[in-house]
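Visitor: Please see the structure below; I have some questions.
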Amino acid sequence: MRRSAAPSQVQGKSFKKTRFIPPGRSNADVSKEITKMSPDPNLFQGAEQSQNDPGVCSSNPCPSEGIPREVGDGTRVDPLPPVHSASKEITESKAQEEEASSLLKYFSVVWCKASKKKHKKWEGDAILIVRGRSFTLKDLEGKDIGRGIGYKFKDLENVEEGQTLIIGGKEIEILGTISSDDFNSGKCFQHGSGSPAVPSSQAARKCFSNPFKSVCQSTQGQGNRWNDCRPRHNPCTPNALVMPRPDENHQWMFNRHCSPIVDVVIDPHLVHHLRPHQKDGIIFLYECVMGMRAVGKCGAILADEMGLGKTLQCISLIWTLQCQGPYGGKPVIKKTLIVTPGSLVNNWRKEFQKWLGSERIKIFTVDQDHKVEEFINATFHSVLIISYEMLLRSLDQIKIIPFGLLICDEGHRLKNSSIKTTAALSSLSCEKRVILTGTPVQNDLQEFFALVDFVNPGILGSLSSYRKIYEEPIIMSREPSSSKEERELGERRATELTRLTGRFILRRTQEVINKYLPPKIENVVFCRPGALQIELYRKLLRSQSVRFCLQGLLENSAHLICIGALKKLCNHPCLLFSSVKGKEFSSSCEENEERNLCQGLLSVFPAGYNPLQFSEKESGKLQVLVKLLAVIHELRPTEKVILVSNYRQTLNVLEEVCKRHGYACARLDGQTPVSQRQQIVDSFNSKYSTDFIFLLSSKAGGVGLNLIGGSHLILYDIDWNPATDIQAMSRVWRDGQKHPVHIYRLLTTGTIEEKIYQRQISKQGLSGAVVDLTRSSEHIQFSVEELKNLFTLHESSHCVTHDLLDCECTGEKGHTEDASEGPVASRQCQLGPQKSDSLRPLSMSQLKQWKHFSGDHLNLPDPFLERIRENVSFFFQNITNQAPAI
Ligand SMILES: Nc1ncnc2c1ncn2[C@@H]1O[C@H](COP(=O)(O)OP(=O)(O)OP(=O)(O)O)[C@@H](O)[C@H]1O
Ligand SMILES: [Mg+2]
């Protein structure tokens, strides 16, 4: 507890002052005086009582007037002033009020409950906010612990440093003034942990050792240590990447043996390959984990967009820290733990091998046959790579290994502090923690807290203080009904939060590597539904379940069943048939809705319909797909295709199509054993592979994979969450890709798929958790109005999405809207100004700027589109990185 030595001052004179020995004071201080602040009696009692202490007014017949009220925790809240009758008083008090309303001051204080005890202890630090005639006392968690109104303006105006006061039943000592800037930004609530890496003089003193003495000792005892401590690589070569030297404060803190300072230089073998943004990223990571950016904190979040080479940046960091260090050249760490999704364990091993070969560093990957014990016993391994699932199972063994560095790949999963994985990882004693994520949480402030608190525990204070100081003001400022003051405060707090966390969070966008990548041609293809699809769609929309949903009569997830059925139908009617079959007569209660939905559906299918012998013509998208595959195969025989769906059953249909057409294919979905995943990916990426198609379940394999063996990516269906689709799309357009990349998103015209797409690109979709991969449609709430829109089939439109764009073209000619239109609306709930970010889904106005044409358009400029136009009602196309020779 802080003990004050600040001198108190006498203030006020009209009432008897209590003698008070401030907590922690020596007896010599007893003479110091304390001011008892009381609400202004003038305001409550009328002029005749103006000199009275309101405390004496308990005899007042009207207890609600003039007697401070107590609220909540015993805090005194003084009554609102009654209306005065005398006009002179009104004029005077009006003038005073005006004067008072301009008073706004902030103080740092220590406080304790007011009592007459001789020996008291301050109970805590707090912030005193004096505003006009009132004050608020907040603890450092941002919680109100005292409040009072109706004080004498003069008393509050004269509050100053060193004073000891009694207000609102609490004794406080004013320690200092806080600028409104520091209050508004929230800085004054920080417990010191968030300050830049400048140690307090106390800390510096504690770590002091006589540098001269120890250097002498060491040079005598160990020969010429200065000569031994040369940098591992030459820092003077023109391309040398040299890490920043620790400053004096860092040296005081960490160079206890006063070893000579040695340049830490990244291995030239790696530097040769590094992109400029990767060099910056390595310096950033180095500074973070060395505690050079925030005092006592060694965590970082590297949130570069997908494909920017976060793996290589980490490998460079690990290799450097394991061999070098700034103090006497001594390595900073011995062992590193990398935790990653199961499908990426072997990708990490491969990347180590790719960049460092197999001799420099020994990697151990945990799987069924290689347990953690082996790593413990075989001491020559320095890096342990393990999946999140395995980590939970082997936590006890992991805990006993003294890891110097912890890297959590695809670490956005740690955004929930109550899940087991986060708790398990937090329990590890390793302080140097790095989260890697291409999809950071940007718009949920609590999840953001969890990530930040994981890498740098305590830097934002406790969760409750964070809520009070940042989350609540920020959220409040974004309410449409917020006042100007609230908006300003929220803005300031958001800026401060961004500043505070910006020291250890780095995010670069795709643009930084665009110049190393081939062109990307993105297409949104609106496929006409087949006749059977239309008939079934109409039938489903007429079903009792859909009708009840629209009347708001069904509870829970009934609408999800309807949505699920429509989505299956869009993929292929045979998928709907399989799910309906057998449910028509089901009697179980849970399946009631499904039964209602299915009734009469089977009769729409041709007699003797066999889902296994489905026809490609029955699905508009499948027809387009088959033609697309054929034209790619014909025009680009050496190129390969990634075919993505969110559903295993759909992948089964697509696999069957591949078989029918004789296309060799590989497949990775949720059921593919983790141990086989990398091998499947590697063999597809290999130039010797004979596979033409890679069937990918976006949910199972979307994150982290490199599928640069393919240059055409077809998204067969659409997810509510744009991040899932964007993740999948990022698998091919990344470093190492040799061919122009073609992306095709297939949507069934006029159906729910268009609606989901619109939701993705509309503001409504944007305000949700757009970069959060774990959210699915179950978390989406729909109003009856929205459901009505979802459950409408637009049979006559070429493209409902285009209809909504307010675009004047008829789709007859290739049309591109003038790019000079207004700015793209930014997301509502994000920290600070958002830079261009390819993770952000496209917006409606951006889509309008894409080239677009109807399927009837003559002379389509793209030979692939030309071939599929027959079944397509509309196209959107966008080309990134110069016009390709398609
Ligand atoms: N400097 C480089 N030169 C050439 N290839 C590179 C370079 N840096 C990274 N790569 C390659 O780029 C690909 C993508 O890198 P990586 O997997 O590290 O991306 P990432 O940032 O982790 O993306 P994601 O968020 O999707 O996991 C890998 O094949 C990697 O080997
Ligand atoms: Mg990665």
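Residues in the structure tokens are numbered from 1 in each chain, the chains being A, B, ... in the order shown, and ligands are numbered from 1 in the order shown.
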Please identify every polymer residue within 10 Å of ligand 2, using only C-alpha atoms and all ligand atoms, and present the set as a short mmCIF file (atom, residue, chain, number, x, y, z; two decimals) with all heavy atoms, in the first residue's frame.
Guide:
data_model
loop_
_atom_site.label_atom_id
_atom_site.label_comp_id
_atom_site.auth_asym_id
_atom_site.auth_seq_id
_atom_site.Cartn_x
_atom_site.Cartn_y
_atom_site.Cartn_z
N ASP A 304 -0.15 -10.40 -38.87
CA ASP A 304 -0.06 -10.17 -40.31
C ASP A 304 -1.13 -10.95 -41.04
O ASP A 304 -1.48 -12.06 -40.63
CB ASP A 304 1.30 -10.67 -40.83
CG ASP A 304 2.42 -9.71 -40.48
OD1 ASP A 304 2.12 -8.58 -40.05
OD2 ASP A 304 3.59 -10.12 -40.61
N GLU A 305 -1.58 -10.39 -42.12
CA GLU A 305 -2.58 -11.10 -42.91
C GLU A 305 -2.05 -12.43 -43.41
O GLU A 305 -0.82 -12.65 -43.42
CB GLU A 305 -2.99 -10.24 -44.12
CG GLU A 305 -4.17 -9.38 -43.79
CD GLU A 305 -4.76 -8.71 -45.01
OE1 GLU A 305 -4.45 -9.11 -46.15
OE2 GLU A 305 -5.52 -7.78 -44.83
N MET A 306 -2.98 -13.24 -43.85
CA MET A 306 -2.61 -14.60 -44.25
C MET A 306 -1.61 -14.60 -45.40
O MET A 306 -1.73 -13.81 -46.33
CB MET A 306 -3.88 -15.33 -44.67
CG MET A 306 -4.81 -15.55 -43.51
SD MET A 306 -6.49 -15.90 -44.00
CE MET A 306 -7.02 -14.36 -44.63
N GLY A 307 -0.65 -15.47 -45.27
CA GLY A 307 0.31 -15.65 -46.36
C GLY A 307 1.51 -14.72 -46.31
O GLY A 307 2.35 -14.74 -47.21
N LEU A 308 1.63 -13.92 -45.28
CA LEU A 308 2.75 -12.97 -45.23
C LEU A 308 4.03 -13.58 -44.65
O LEU A 308 5.04 -12.89 -44.49
CB LEU A 308 2.35 -11.71 -44.44
CG LEU A 308 1.88 -10.53 -45.30
CD1 LEU A 308 0.67 -10.89 -46.12
CD2 LEU A 308 1.60 -9.32 -44.46
N GLY A 309 3.95 -14.85 -44.31
CA GLY A 309 5.17 -15.51 -43.84
C GLY A 309 5.43 -15.30 -42.36
O GLY A 309 6.57 -15.02 -41.95
N LYS A 310 4.40 -15.49 -41.56
CA LYS A 310 4.58 -15.37 -40.10
C LYS A 310 5.49 -16.50 -39.61
O LYS A 310 6.26 -16.32 -38.68
CB LYS A 310 3.21 -15.42 -39.39
CG LYS A 310 2.33 -14.23 -39.72
CD LYS A 310 1.05 -14.24 -38.93
CE LYS A 310 -0.02 -15.16 -39.48
NZ LYS A 310 -0.52 -14.76 -40.80
N THR A 311 5.38 -17.64 -40.28
CA THR A 311 6.18 -18.79 -39.87
C THR A 311 7.67 -18.47 -40.01
O THR A 311 8.44 -18.69 -39.08
CB THR A 311 5.81 -20.01 -40.75
OG1 THR A 311 4.40 -19.99 -40.98
CG2 THR A 311 6.20 -21.31 -40.09
N LEU A 312 8.05 -17.96 -41.15
CA LEU A 312 9.47 -17.65 -41.37
C LEU A 312 9.97 -16.60 -40.38
O LEU A 312 11.10 -16.69 -39.87
CB LEU A 312 9.67 -17.17 -42.83
CG LEU A 312 11.05 -16.65 -43.20
CD1 LEU A 312 12.13 -17.67 -42.91
CD2 LEU A 312 11.10 -16.24 -44.68
N THR A 340 0.14 -25.41 -32.37
CA THR A 340 -0.47 -25.08 -33.66
C THR A 340 -1.63 -26.03 -33.94
O THR A 340 -1.70 -27.10 -33.32
CB THR A 340 0.64 -25.18 -34.76
OG1 THR A 340 0.10 -24.87 -36.01
CG2 THR A 340 1.26 -26.56 -34.82
N PRO A 341 -2.56 -25.67 -34.82
CA PRO A 341 -3.61 -26.63 -35.15
C PRO A 341 -2.99 -27.91 -35.71
O PRO A 341 -1.94 -27.86 -36.36
CB PRO A 341 -4.43 -25.92 -36.23
CG PRO A 341 -4.15 -24.48 -36.03
CD PRO A 341 -2.75 -24.40 -35.51
N LEU A 344 -1.31 -28.33 -39.04
CA LEU A 344 -0.13 -27.51 -39.40
C LEU A 344 1.15 -27.96 -38.70
O LEU A 344 2.21 -27.37 -38.93
CB LEU A 344 -0.40 -26.04 -39.07
CG LEU A 344 -1.57 -25.42 -39.84
CD1 LEU A 344 -1.78 -23.97 -39.41
CD2 LEU A 344 -1.32 -25.47 -41.34
N ASN A 347 3.55 -28.87 -41.19
CA ASN A 347 3.88 -27.71 -42.01
C ASN A 347 5.00 -26.91 -41.34
O ASN A 347 5.94 -26.43 -41.99
CB ASN A 347 2.64 -26.84 -42.21
CG ASN A 347 2.91 -25.67 -43.12
OD1 ASN A 347 3.34 -25.84 -44.26
ND2 ASN A 347 2.70 -24.47 -42.61
N TRP A 348 4.92 -26.81 -40.04
CA TRP A 348 5.97 -26.10 -39.29
C TRP A 348 7.31 -26.81 -39.46
O TRP A 348 8.34 -26.18 -39.71
CB TRP A 348 5.60 -26.02 -37.81
CG TRP A 348 4.82 -24.79 -37.48
CD1 TRP A 348 3.46 -24.66 -37.48
CD2 TRP A 348 5.34 -23.50 -37.12
NE1 TRP A 348 3.10 -23.37 -37.13
CE2 TRP A 348 4.24 -22.64 -36.91
CE3 TRP A 348 6.62 -22.98 -36.97
CZ2 TRP A 348 4.38 -21.30 -36.54
CZ3 TRP A 348 6.77 -21.64 -36.60
CH2 TRP A 348 5.65 -20.82 -36.39
N ASP A 409 0.36 -20.64 -32.77
CA ASP A 409 -0.02 -20.36 -34.15
C ASP A 409 -1.54 -20.40 -34.25
O ASP A 409 -2.20 -21.15 -33.54
CB ASP A 409 0.61 -21.42 -35.06
CG ASP A 409 0.50 -21.04 -36.53
OD1 ASP A 409 0.24 -19.86 -36.82
OD2 ASP A 409 0.68 -21.93 -37.39
N GLU A 410 -2.09 -19.61 -35.17
CA GLU A 410 -3.55 -19.47 -35.29
C GLU A 410 -4.11 -19.24 -33.89
O GLU A 410 -5.08 -19.85 -33.46
CB GLU A 410 -4.17 -20.72 -35.94
CG GLU A 410 -3.62 -21.08 -37.32
CD GLU A 410 -3.87 -20.01 -38.39
OE1 GLU A 410 -4.75 -19.17 -38.20
OE2 GLU A 410 -3.14 -20.01 -39.40
N GLY A 411 -3.48 -18.32 -33.20
CA GLY A 411 -3.75 -18.12 -31.76
C GLY A 411 -5.03 -17.38 -31.45
O GLY A 411 -5.33 -17.15 -30.29
N LEU A 436 0.35 -15.89 -33.07
CA LEU A 436 0.31 -15.62 -34.50
C LEU A 436 -1.12 -15.77 -34.96
O LEU A 436 -1.79 -16.75 -34.59
CB LEU A 436 1.16 -16.65 -35.26
CG LEU A 436 2.63 -16.77 -34.87
CD1 LEU A 436 3.30 -17.82 -35.74
CD2 LEU A 436 3.31 -15.42 -35.05
N THR A 437 -1.60 -14.83 -35.69
CA THR A 437 -2.95 -14.97 -36.22
C THR A 437 -3.11 -14.13 -37.47
O THR A 437 -2.62 -13.00 -37.54
CB THR A 437 -4.01 -14.57 -35.18
OG1 THR A 437 -5.29 -14.58 -35.81
CG2 THR A 437 -3.77 -13.20 -34.57
N GLY A 438 -3.77 -14.71 -38.45
CA GLY A 438 -4.07 -13.94 -39.65
C GLY A 438 -5.46 -13.33 -39.54
O GLY A 438 -5.86 -12.49 -40.32
N VAL A 703 -7.40 -23.00 -42.40
CA VAL A 703 -6.38 -22.14 -41.81
C VAL A 703 -4.96 -22.66 -42.04
O VAL A 703 -4.69 -23.84 -41.93
CB VAL A 703 -6.59 -21.94 -40.28
CG1 VAL A 703 -7.81 -21.11 -40.01
CG2 VAL A 703 -6.66 -23.27 -39.56
N GLY A 704 -4.11 -21.72 -42.36
CA GLY A 704 -2.67 -22.00 -42.35
C GLY A 704 -2.10 -22.79 -43.52
O GLY A 704 -0.90 -22.73 -43.74
N LEU A 705 -2.94 -23.53 -44.26
CA LEU A 705 -2.37 -24.41 -45.29
C LEU A 705 -1.83 -23.63 -46.48
O LEU A 705 -2.36 -22.59 -46.85
CB LEU A 705 -3.44 -25.37 -45.81
CG LEU A 705 -3.88 -26.53 -44.91
CD1 LEU A 705 -4.87 -27.40 -45.67
CD2 LEU A 705 -2.69 -27.35 -44.47
N ASN A 706 -0.79 -24.20 -47.07
CA ASN A 706 -0.27 -23.64 -48.32
C ASN A 706 -0.67 -24.58 -49.44
O ASN A 706 -0.23 -25.72 -49.47
CB ASN A 706 1.26 -23.58 -48.28
CG ASN A 706 1.73 -22.51 -47.34
OD1 ASN A 706 1.31 -21.36 -47.45
ND2 ASN A 706 2.58 -22.88 -46.40
#
Visitor: Write out as a VMD selection string all residues of segment 467-703 of chain A that DSSP puts in helix (DSSP H, G or I) for this structure's backbone.
Guide: chain A and resid 467 to 477 484 to 502 511 to 514 531 to 542 544 to 550 558 to 571 573 to 580 592 to 598 602 to 604 611 to 613 616 to 618 620 to 635 648 to 661 674 to 685 698 to 701
Visitor: Rank nothing, just name the residue among A:Arg731, A:Arg293, A:Arg131, A:Arg232 nearest to Val264 of chain A, using only C-alpha atoms.
Guide: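 Checking each candidate against Val264 of chain A, we get A:Arg232 as the closest.
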Visitor: Would you pick out the contacts of Cys314 of chain A at 9 Å or less, using only C-alpha atoms, so that residues sharing its chain but fewer than 5 positions from it are not included, and give the list as a list in words?
Guide: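 Here the answer would be Gly281, Ile282, Leu285, Gly309, Trp319, Ile407 and Val434 of chain A.
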Visitor: Which residues, written as a PDB file with N, CA and C atoms, in the first residue's frame, have at least one atom at most 8 Å from Val631 of chain A, with only C-alpha atoms counted and residues fewer than 5 positions away on the same chain left out?
Guide:
ATOM      1  N   ARG A 636      -5.577 -25.088 -69.539  1.00  0.00           N
ATOM      2  CA  ARG A 636      -4.399 -25.041 -68.654  1.00  0.00           C
ATOM      3  C   ARG A 636      -4.092 -26.452 -68.147  1.00  0.00           C
ATOM      4  N   PHE A 864     -12.497 -18.517 -69.763  1.00  0.00           N
ATOM      5  CA  PHE A 864     -13.095 -19.467 -68.812  1.00  0.00           C
ATOM      6  C   PHE A 864     -14.576 -19.125 -68.613  1.00  0.00           C
ATOM      7  N   ARG A 867     -16.905 -19.943 -71.532  1.00  0.00           N
ATOM      8  CA  ARG A 867     -17.331 -21.332 -71.683  1.00  0.00           C
ATOM      9  C   ARG A 867     -18.480 -21.716 -70.740  1.00  0.00           C
TER      10      ARG A 867
END
Visitor: Restricting the calculation to only C-alpha atoms and all ligand atoms: of A:Arg393, A:Arg433, A:Arg547, A:Arg734, which residue gets closest to ligand 1?
Guide: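 The closest residue to ligand 1 is A:Arg734.
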Visitor: May I have the residues within 9 Å of segment 625-628 of chain A as a ChimeraX atom specification, using only C-alpha atoms and disregarding those fewer than 3 positions away in the same chain?
Guide: /A:616,620-622,631-633,657-658,661,714,716,746,864-865,867-868
Visitor: Would you save the residues of that selection, restricted to C-alpha atoms, as a PDB file, in the first residue's frame?
Guide:
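This went into result.pdb:
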ATOM      1  CA  GLU A 616     -25.302 -32.898 -62.975  1.00  0.00           C
ATOM      2  CA  GLY A 620     -27.166 -25.066 -61.649  1.00  0.00           C
ATOM      3  CA  LYS A 621     -23.876 -24.729 -59.798  1.00  0.00           C
ATOM      4  CA  LEU A 622     -22.807 -28.260 -60.571  1.00  0.00           C
ATOM      5  CA  VAL A 631     -12.232 -25.657 -69.681  1.00  0.00           C
ATOM      6  CA  ILE A 632      -9.438 -25.365 -67.106  1.00  0.00           C
ATOM      7  CA  HIS A 633      -8.312 -28.864 -67.956  1.00  0.00           C
ATOM      8  CA  VAL A 657     -18.191 -35.877 -60.237  1.00  0.00           C
ATOM      9  CA  CYS A 658     -14.387 -36.000 -60.415  1.00  0.00           C
ATOM     10  CA  HIS A 661     -14.977 -37.230 -65.506  1.00  0.00           C
ATOM     11  CA  ILE A 714     -13.569 -22.720 -56.660  1.00  0.00           C
ATOM     12  CA  TYR A 716     -18.696 -24.227 -54.237  1.00  0.00           C
ATOM     13  CA  LEU A 746     -20.387 -19.951 -57.199  1.00  0.00           C
ATOM     14  CA  PHE A 864     -13.095 -19.467 -68.812  1.00  0.00           C
ATOM     15  CA  LEU A 865     -16.228 -17.402 -68.253  1.00  0.00           C
ATOM     16  CA  ARG A 867     -17.331 -21.332 -71.683  1.00  0.00           C
ATOM     17  CA  ILE A 868     -19.677 -21.397 -68.685  1.00  0.00           C
TER      18      ILE A 868
END
Visitor: Could you name the residues that touch segment 169-177 of chain A at 7 Å or less, counting only C-alpha atoms, but leaving out those on the same chain fewer than 6 positions away, as a PyMOL selection string?
Guide: chain A and resi 6+75-76+106-114+160-163
Visitor: What is the distance, in Å and to one decimal place, between atom CA of Ile167 of chain A and atom CA of Lys154 of chain A?
Guide: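 Between atom CA of Ile167 of chain A and atom CA of Lys154 of chain A the gap is 14.4 Å.
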Visitor: What does the structure give for the distance between atom CA of Thr164 of chain A and atom CA of Trp122 of chain A, in Å to one decimal?
Guide: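 For atom CA of Thr164 of chain A relative to atom CA of Trp122 of chain A, the distance reads 11.8 Å.
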Visitor: With only C-alpha atoms and all ligand atoms as the atoms that count, which of A:Ile283, A:Leu460, A:Val512, A:Cys799 lies nearest to ligand 1?
Guide: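 That would be A:Val512, the residue with the smallest distance to ligand 1.
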Visitor: So how many Å separate atom CA of Ile761 of chain A and atom CA of Leu569 of chain A, to one decimal?
Guide: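 According to the coordinates, atom CA of Ile761 of chain A and atom CA of Leu569 of chain A are separated by 22.9 Å.
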Visitor: Just the residues within 12 Å of Met292 of chain A, please, counting only C-alpha atoms, with nothing from its chain fewer than 5 positions along; format it as a list of chain:residue names.
Guide: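 Counting only C-alpha atoms, the residues come to A:Ser195, A:Pro196, A:Ala197, A:Val198, A:Pro199, A:Met243, A:Pro244, A:Arg245, A:Pro246, A:Asp247, A:Glu248, A:Asn249, A:His250, A:Gln251, A:Met253, A:Phe254, A:Ile283, A:Phe284, A:Leu285, A:Tyr286, A:Glu287, A:Lys297, A:Cys298, A:Gly299, A:Ala300, A:Lys432, A:Arg503, A:Phe504.
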Visitor: Which of these residues is nearest to Gly502 of chain A, using only C-alpha atoms: A:Glu618, A:Ala303, A:Gly855, A:Leu104?
Guide: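 Among the listed residues, the smallest separation from Gly502 of chain A belongs to A:Ala303.
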Visitor: Measuring between only C-alpha atoms and all ligand atoms, which one of A:Ala126, A:Ile459, A:Val546, A:Ile315 shows the shortest distance to ligand 1?
Guide: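 Among A:Ala126, A:Ile459, A:Val546, A:Ile315, it is A:Ile315 that comes nearest to ligand 1.
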